[in-house]
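What follows is a set of notes on a single structure, which appears directly below.
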Amino acid sequence: MQATTSKVRSDASPLAGKRPKHAREELRGRIYIYFCVLLMIVTIFSIVYFIASRGLAPFFSGDVGIGDMLLGQTWRPEGAPAAFGAFPFLFGSFATSLLAAIISAPLGFCASIFMTEIMPKFGRTALQPAIELLAGIPSVVYGFVGLSVVVPFLRNNFPGQGIGILAGAIVLSIMILPTITTIATDSLRSLPHGLKEGSYALGATRWQTISRIVLPTTLPSLLTGVVLGIARAFGEALAVQMVIGNAPVIPHSLFESATTLTSVITLEMGNTTSGSLHNNALWSLALMLLIMTFLFVFVVRMLERRTKR
Amino acid sequence: MIEIENLELYYGSFQALRHVNLSVPERSVTAFIGPSGCGKSTLLRTLNRMNDAIAGVRIEGKVEIQGRNIYAQDMQIEELRKRVGMVFQQPNPFPKSIYDNVAYGPRLHGKTKKADLDALVEKSLRSASLWNEVKDVLKKSAMSLSGGQQQRLCIARALAVEPDVLLMDESTSALDPISTTKIEELTRELCKDYTIVMVTHNMHQAARISDRTVFFLNGEVVEAADTQALFSSPKDQRTEDYISGRFG
Ligand SMILES: Nc1ncnc2c1ncn2[C@@H]1O[C@H](COP(=O)(O)OP(=O)(O)OP(=O)(O)O)[C@@H](O)[C@H]1O
Ligand SMILES: [Mg+2]
């Protein structure tokens, strides 16, 4: 359809003689783009296929039941009999990332309100670059800082050794702060100016306008940022692994060691041979991470749909 | 009612209003006309101090509303805006229900009893001649209304805080002819109870609905007179040129 119209138009134009060259260029560009898209789709599908085939192998071979893995509490991959209960890892991953979001979300919201509503100039020139810088720091540095600042602080002020769930959550909360803040700031900035003016014109104070108009209107976008932050925290391995203690148990308090899906994978992957049951069980953990990521993406999509309405 | 004396307004180094002296009578419609950029919106927005939020604005002179200098130190800006409502060019309802839009202002100012709010919402919607169209869908989102209904909702929202003055900045320019007529009729109705100051680009509109008309040029008041007089026998050559369509 589009091809016909452009043909008609170029035939009618005085530049009609140039058409073959345009057409060739057009074709070249189109082939290039299709190739890139195809490559991307193939890559994504092969990754998913690979993880799924390895990760599902322990269940198909009958060595491990799905329920045993999801709910079992003992992880003894090389023992006799071997046990592959991943519940403590799931628990650790959820606990650290949700706690991180609980710490980070209020900070991020406040920072973005400050940057957009209260001191836009200072926010744009100083605070925003500083927060974006946080996003660029490698996770090993976060882990290191966590180990040498957060852990000693917790050890000196609370029961336990300092390492544990809370230490992991604190480190993660700083790592996801840029995600939450940047998305919140963008959505606050894109709020139609007329809405705020309408509120002020009715005699609202700045705080009334923020709490009754700005926050409720942008809530879905704010939550999108939080979900993306949780997704990032869920997938982070190194920094958490350095401060969480890596004990495959369900902790009884915030100050006890625990571990996460990602920590287990990175710590044990090197000690297994490809194709072994232990190795495949680690792929099952990876599959759980993948499924969680899909879930997070799904939630974000739902929130975006609400924003558009 | 509104007395403006020797008002000068600067955006940074640019002077947008020069030596404005003007008085606006109570319970009447006053229209500001003039070419684009001559300072009509700026003057309108000094009346409820909406310019305060713009960085670099400097204001000299005196603006009195009901005998009180609104730029005095002890003037509470929220208190002022409660008495001087505003309707904007683009309808800007909040993304809430129709009811919550109208109840927004009263709630801000401490009215929370449901019965009071219900009565006030109905009264305001009636005054904005929107009640019959929305009385069964008060819980529906204000975003589902048409542009003209949204603008009347914004008028109702402004009336709900029971102001004395209503400022309207080209409030019909984004609307279709039928909605425009509705709002013009509404304006005539409302001026029995409120003092209305409106900006318009449409001289016919000014002639149709205003009692007094003020003609601006480059930040100055060129002529302010009864609408009849201004349009039939303008005193200033520039006014005559403008209303006869020779520039602007
Ligand atoms: N926030 C601002 N910062 C700097 N200059 C401004 C600002 N707002 C308006 N001005 C300038 O002040 C002058 C008057 O603007 P104003 O908006 O009052 O004009 P207007 O008469 O309402 O025009 P229009 O009919 O196009 O709405 C214009 O020259 C404009 O460029
Ligand atoms: Mg204007």
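Chain lettering (A, B, ...) mirrors the order of the structure tokens, residue numbering begins at 1 for each chain separately, and ligand numbering begins at 1 in order of display.
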List the neighbours of B:Phe216 out to 10 Å using only C-alpha atoms; skip same-chain residues closer than 5 positions along the sequence, and give me the result as number ranges by chain. B: 17, 20, 32-40, 221-224, 238-239
Using the selection just defined, write its residues with N, CA and C atoms as a PDB file, in the first residue's frame.
```pdb
ATOM      1  N   LEU B  17       4.311  45.022  31.639  1.00  0.00           N
ATOM      2  CA  LEU B  17       3.192  45.935  31.911  1.00  0.00           C
ATOM      3  C   LEU B  17       3.766  47.297  32.282  1.00  0.00           C
ATOM      4  N   VAL B  20       0.140  50.671  34.561  1.00  0.00           N
ATOM      5  CA  VAL B  20      -1.272  50.354  34.356  1.00  0.00           C
ATOM      6  C   VAL B  20      -2.108  50.954  35.483  1.00  0.00           C
ATOM      7  N   PHE B  32     -10.601  42.137  28.488  1.00  0.00           N
ATOM      8  CA  PHE B  32      -9.310  42.669  28.049  1.00  0.00           C
ATOM      9  C   PHE B  32      -9.132  42.270  26.592  1.00  0.00           C
ATOM     10  N   ILE B  33      -8.906  43.233  25.728  1.00  0.00           N
ATOM     11  CA  ILE B  33      -8.598  42.883  24.347  1.00  0.00           C
ATOM     12  C   ILE B  33      -7.269  43.523  23.951  1.00  0.00           C
ATOM     13  N   GLY B  34      -6.731  43.059  22.847  1.00  0.00           N
ATOM     14  CA  GLY B  34      -5.463  43.597  22.366  1.00  0.00           C
ATOM     15  C   GLY B  34      -4.696  42.526  21.623  1.00  0.00           C
ATOM     16  N   PRO B  35      -3.702  42.944  20.851  1.00  0.00           N
ATOM     17  CA  PRO B  35      -2.956  41.959  20.051  1.00  0.00           C
ATOM     18  C   PRO B  35      -2.156  41.000  20.927  1.00  0.00           C
ATOM     19  N   SER B  36      -1.753  39.896  20.335  1.00  0.00           N
ATOM     20  CA  SER B  36      -1.015  38.869  21.075  1.00  0.00           C
ATOM     21  C   SER B  36       0.275  39.444  21.668  1.00  0.00           C
ATOM     22  N   GLY B  37       0.543  39.082  22.908  1.00  0.00           N
ATOM     23  CA  GLY B  37       1.786  39.511  23.543  1.00  0.00           C
ATOM     24  C   GLY B  37       1.723  40.882  24.175  1.00  0.00           C
ATOM     25  N   CYS B  38       0.526  41.490  24.244  1.00  0.00           N
ATOM     26  CA  CYS B  38       0.456  42.846  24.775  1.00  0.00           C
ATOM     27  C   CYS B  38       0.317  42.864  26.297  1.00  0.00           C
ATOM     28  N   GLY B  39       0.190  41.693  26.921  1.00  0.00           N
ATOM     29  CA  GLY B  39       0.199  41.671  28.379  1.00  0.00           C
ATOM     30  C   GLY B  39      -1.145  41.413  29.036  1.00  0.00           C
ATOM     31  N   LYS B  40      -2.139  40.968  28.264  1.00  0.00           N
ATOM     32  CA  LYS B  40      -3.468  40.729  28.851  1.00  0.00           C
ATOM     33  C   LYS B  40      -3.410  39.625  29.899  1.00  0.00           C
ATOM     34  N   VAL B 221      -2.324  50.272  28.979  1.00  0.00           N
ATOM     35  CA  VAL B 221      -3.754  50.412  28.743  1.00  0.00           C
ATOM     36  C   VAL B 221      -3.941  51.604  27.827  1.00  0.00           C
ATOM     37  N   VAL B 222      -4.482  51.355  26.633  1.00  0.00           N
ATOM     38  CA  VAL B 222      -4.707  52.457  25.708  1.00  0.00           C
ATOM     39  C   VAL B 222      -6.047  53.109  26.010  1.00  0.00           C
ATOM     40  N   GLU B 223      -7.047  52.275  26.214  1.00  0.00           N
ATOM     41  CA  GLU B 223      -8.376  52.833  26.436  1.00  0.00           C
ATOM     42  C   GLU B 223      -9.213  51.866  27.259  1.00  0.00           C
ATOM     43  N   ALA B 224      -9.901  52.380  28.238  1.00  0.00           N
ATOM     44  CA  ALA B 224     -10.828  51.563  29.018  1.00  0.00           C
ATOM     45  C   ALA B 224     -12.142  52.313  29.082  1.00  0.00           C
ATOM     46  N   ARG B 238      -5.539  54.419  17.975  1.00  0.00           N
ATOM     47  CA  ARG B 238      -5.046  53.035  17.953  1.00  0.00           C
ATOM     48  C   ARG B 238      -6.167  52.043  18.257  1.00  0.00           C
ATOM     49  N   THR B 239      -7.066  52.418  19.163  1.00  0.00           N
ATOM     50  CA  THR B 239      -8.207  51.556  19.444  1.00  0.00           C
ATOM     51  C   THR B 239      -9.056  51.391  18.200  1.00  0.00           C
TER      52      THR B 239
END
```
Please report, as a list of chain:residue names, each residue of stretch 29-261 of chain A to which DSSP assigns strand (DSSP E) when run on this structure's backbone. A:Trp75, A:Arg76, A:Ala83, A:Phe84
Per residue of chain B within 10 Å of ligand 1, note the shortest atom pair and the distance in Å to one decimal, counting only C-alpha atoms and all ligand atoms, and order the rows by chain and increasing residue number, as CSV.
```
residue,atom,partner,partner_atom_place_in_ligand_line,distance
B:Leu9,CA,ligand 1,12 (O),9.2
B:Tyr10,CA,ligand 1,5 (N),8.2
B:Tyr11,CA,ligand 1,4 (C),4.8
B:Gly12,CA,ligand 1,4 (C),7.1
B:Ser13,CA,ligand 1,4 (C),9.1
B:Phe14,CA,ligand 1,5 (N),7.0
B:Gln15,CA,ligand 1,12 (O),7.5
B:Ala16,CA,ligand 1,12 (O),4.8
B:Leu17,CA,ligand 1,14 (C),7.7
B:Phe32,CA,ligand 1,21 (O),8.7
B:Ile33,CA,ligand 1,21 (O),8.0
B:Gly34,CA,ligand 1,21 (O),6.6
B:Pro35,CA,ligand 1,25 (O),6.0
B:Ser36,CA,ligand 1,25 (O),3.6
B:Gly37,CA,ligand 1,19 (O),3.4
B:Cys38,CA,ligand 1,21 (O),4.0
B:Gly39,CA,ligand 1,18 (O),3.1
B:Lys40,CA,ligand 1,21 (O),3.8
B:Ser41,CA,ligand 1,22 (O),3.6
B:Thr42,CA,ligand 1,18 (O),3.6
B:Leu43,CA,ligand 1,18 (O),6.5
B:Leu44,CA,ligand 1,18 (O),8.0
B:Arg45,CA,ligand 1,18 (O),8.3
B:Thr46,CA,ligand 1,18 (O),9.9
B:Asn51,CA,ligand 1,1 (N),7.9
B:Ala53,CA,ligand 1,1 (N),9.3
B:Ile54,CA,ligand 1,1 (N),5.9
B:Ala55,CA,ligand 1,1 (N),7.8
B:Gly56,CA,ligand 1,3 (N),7.9
B:Val57,CA,ligand 1,3 (N),7.8
B:Gln89,CA,ligand 1,27 (O),9.2
B:Asp169,CA,ligand 1,22 (O),8.0
B:Glu170,CA,ligand 1,27 (O),7.9
B:Val199,CA,ligand 1,22 (O),7.6
B:Thr200,CA,ligand 1,25 (O),7.6
B:His201,CA,ligand 1,25 (O),6.5
B:Phe216,CA,ligand 1,21 (O),7.9
B:Leu217,CA,ligand 1,21 (O),8.4
B:Asn218,CA,ligand 1,29 (O),7.9
B:Gly219,CA,ligand 1,14 (C),7.0
B:Gly248,CA,ligand 1,25 (O),10.0
```
Tell me, as a PyMOL selection string, which residues lie within 8 Å of stretch 104-116 of chain B, counting only C-alpha atoms; anything in the same chain fewer than 3 positions away does not count. (chain A and resi 202-204+208) or (chain B and resi 100-101+119-120+157-158+160-161)
Go ahead and dump the residues you just picked, all heavy atoms, as an mmCIF file, in the first residue's frame.
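Output file part.cif is given in full below:
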```
data_model
loop_
_atom_site.group_PDB
_atom_site.id
_atom_site.type_symbol
_atom_site.label_atom_id
_atom_site.label_comp_id
_atom_site.auth_asym_id
_atom_site.auth_seq_id
_atom_site.Cartn_x
_atom_site.Cartn_y
_atom_site.Cartn_z
ATOM 1 N N LEU A 202 -6.933 27.306 42.891
ATOM 2 C CA LEU A 202 -8.038 27.114 43.828
ATOM 3 C C LEU A 202 -7.613 27.394 45.260
ATOM 4 O O LEU A 202 -8.376 27.171 46.192
ATOM 5 C CB LEU A 202 -8.571 25.687 43.716
ATOM 6 C CG LEU A 202 -9.348 25.401 42.434
ATOM 7 C CD1 LEU A 202 -9.550 23.917 42.260
ATOM 8 C CD2 LEU A 202 -10.683 26.110 42.460
ATOM 9 N N GLY A 203 -6.373 27.845 45.410
ATOM 10 C CA GLY A 203 -5.910 28.187 46.751
ATOM 11 C C GLY A 203 -5.199 27.057 47.460
ATOM 12 O O GLY A 203 -5.080 27.069 48.679
ATOM 13 N N ALA A 204 -4.719 26.064 46.697
ATOM 14 C CA ALA A 204 -3.991 24.973 47.331
ATOM 15 C C ALA A 204 -2.572 25.412 47.631
ATOM 16 O O ALA A 204 -1.985 26.201 46.895
ATOM 17 C CB ALA A 204 -3.969 23.751 46.410
ATOM 18 N N GLN A 208 -0.337 20.612 49.492
ATOM 19 C CA GLN A 208 -1.646 20.081 49.100
ATOM 20 C C GLN A 208 -1.640 19.673 47.640
ATOM 21 O O GLN A 208 -2.168 18.625 47.267
ATOM 22 C CB GLN A 208 -2.729 21.142 49.344
ATOM 23 C CG GLN A 208 -3.042 21.326 50.818
ATOM 24 C CD GLN A 208 -3.951 22.510 51.068
ATOM 25 O OE1 GLN A 208 -3.895 23.519 50.359
ATOM 26 N NE2 GLN A 208 -4.792 22.407 52.083
ATOM 27 N N ASP B 100 -15.341 14.812 42.711
ATOM 28 C CA ASP B 100 -14.108 15.176 43.417
ATOM 29 C C ASP B 100 -13.461 16.427 42.823
ATOM 30 O O ASP B 100 -12.789 17.183 43.534
ATOM 31 C CB ASP B 100 -13.109 14.021 43.386
ATOM 32 C CG ASP B 100 -13.530 12.894 44.308
ATOM 33 O OD1 ASP B 100 -14.319 13.174 45.243
ATOM 34 O OD2 ASP B 100 -13.092 11.750 44.104
ATOM 35 N N ASN B 101 -13.661 16.642 41.529
ATOM 36 C CA ASN B 101 -13.159 17.873 40.926
ATOM 37 C C ASN B 101 -13.794 19.089 41.571
ATOM 38 O O ASN B 101 -13.102 20.027 41.953
ATOM 39 C CB ASN B 101 -13.455 17.881 39.424
ATOM 40 C CG ASN B 101 -12.270 17.442 38.604
ATOM 41 O OD1 ASN B 101 -11.402 18.253 38.288
ATOM 42 N ND2 ASN B 101 -12.214 16.166 38.294
ATOM 43 N N ALA B 119 -24.213 19.418 48.803
ATOM 44 C CA ALA B 119 -25.005 20.597 48.466
ATOM 45 C C ALA B 119 -24.185 21.577 47.631
ATOM 46 O O ALA B 119 -24.675 22.130 46.633
ATOM 47 C CB ALA B 119 -25.486 21.270 49.751
ATOM 48 N N LEU B 120 -22.943 21.762 48.038
ATOM 49 C CA LEU B 120 -22.086 22.725 47.356
ATOM 50 C C LEU B 120 -21.776 22.274 45.928
ATOM 51 O O LEU B 120 -21.781 23.070 44.988
ATOM 52 C CB LEU B 120 -20.798 22.884 48.165
ATOM 53 C CG LEU B 120 -19.920 24.082 47.846
ATOM 54 C CD1 LEU B 120 -20.733 25.358 47.912
ATOM 55 C CD2 LEU B 120 -18.755 24.137 48.821
ATOM 56 N N ARG B 157 -15.830 24.191 39.355
ATOM 57 C CA ARG B 157 -14.773 23.950 40.342
ATOM 58 C C ARG B 157 -14.322 25.265 40.960
ATOM 59 O O ARG B 157 -14.081 25.360 42.162
ATOM 60 C CB ARG B 157 -13.613 23.266 39.607
ATOM 61 C CG ARG B 157 -12.531 22.763 40.464
ATOM 62 C CD ARG B 157 -11.543 21.990 39.621
ATOM 63 N NE ARG B 157 -10.723 22.872 38.803
ATOM 64 C CZ ARG B 157 -9.821 22.431 37.920
ATOM 65 N NH1 ARG B 157 -9.644 21.146 37.736
ATOM 66 N NH2 ARG B 157 -9.093 23.273 37.238
ATOM 67 N N ALA B 158 -14.206 26.298 40.103
ATOM 68 C CA ALA B 158 -13.797 27.598 40.623
ATOM 69 C C ALA B 158 -14.896 28.200 41.490
ATOM 70 O O ALA B 158 -14.616 28.816 42.517
ATOM 71 C CB ALA B 158 -13.452 28.537 39.466
ATOM 72 N N ALA B 160 -17.018 26.652 43.299
ATOM 73 C CA ALA B 160 -17.260 25.895 44.526
ATOM 74 C C ALA B 160 -16.513 26.457 45.725
ATOM 75 O O ALA B 160 -16.912 26.204 46.861
ATOM 76 C CB ALA B 160 -16.872 24.425 44.319
ATOM 77 N N VAL B 161 -15.440 27.211 45.509
ATOM 78 C CA VAL B 161 -14.776 27.821 46.668
ATOM 79 C C VAL B 161 -15.401 29.181 47.001
ATOM 80 O O VAL B 161 -14.894 29.903 47.854
ATOM 81 C CB VAL B 161 -13.251 27.982 46.463
ATOM 82 C CG1 VAL B 161 -12.579 26.638 46.421
ATOM 83 C CG2 VAL B 161 -12.934 28.760 45.217
#
```
Neighbour list for A:Ala101 as a CSV table (one decimal) with C-alpha atoms, in the first residue's frame, cut-off 10 Å, only C-alpha atoms, skip fewer than 5 positions in-chain:
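Full text of out_12.csv as output:
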```csv
chain,number,residue,atom,x,y,z
A,95,ALA,CA,13.1,-10.5,51.1
A,96,THR,CA,16.2,-8.5,50.1
A,106,PRO,CA,10.3,6.8,49.8
A,107,LEU,CA,13.8,8.2,49.3
A,108,GLY,CA,13.5,8.1,45.6
A,169,ALA,CA,18.8,-4.9,51.4
A,170,ILE,CA,20.6,-1.7,52.3
A,172,LEU,CA,20.5,-3.1,47.1
A,173,SER,CA,18.4,-0.1,48.1
A,174,ILE,CA,21.2,2.3,47.1
A,176,ILE,CA,18.1,0.7,42.8
A,177,LEU,CA,17.7,4.3,43.9
A,180,ILE,CA,13.2,4.6,41.0
A,225,GLY,CA,9.9,2.6,38.7
A,226,VAL,CA,9.6,0.6,41.9
A,227,VAL,CA,8.9,-2.6,40.1
A,228,LEU,CA,11.8,-2.1,37.8
A,229,GLY,CA,13.9,-1.4,40.8
A,230,ILE,CA,12.8,-4.7,42.4
A,231,ALA,CA,13.5,-6.5,39.2
A,233,ALA,CA,17.5,-6.0,42.9
```
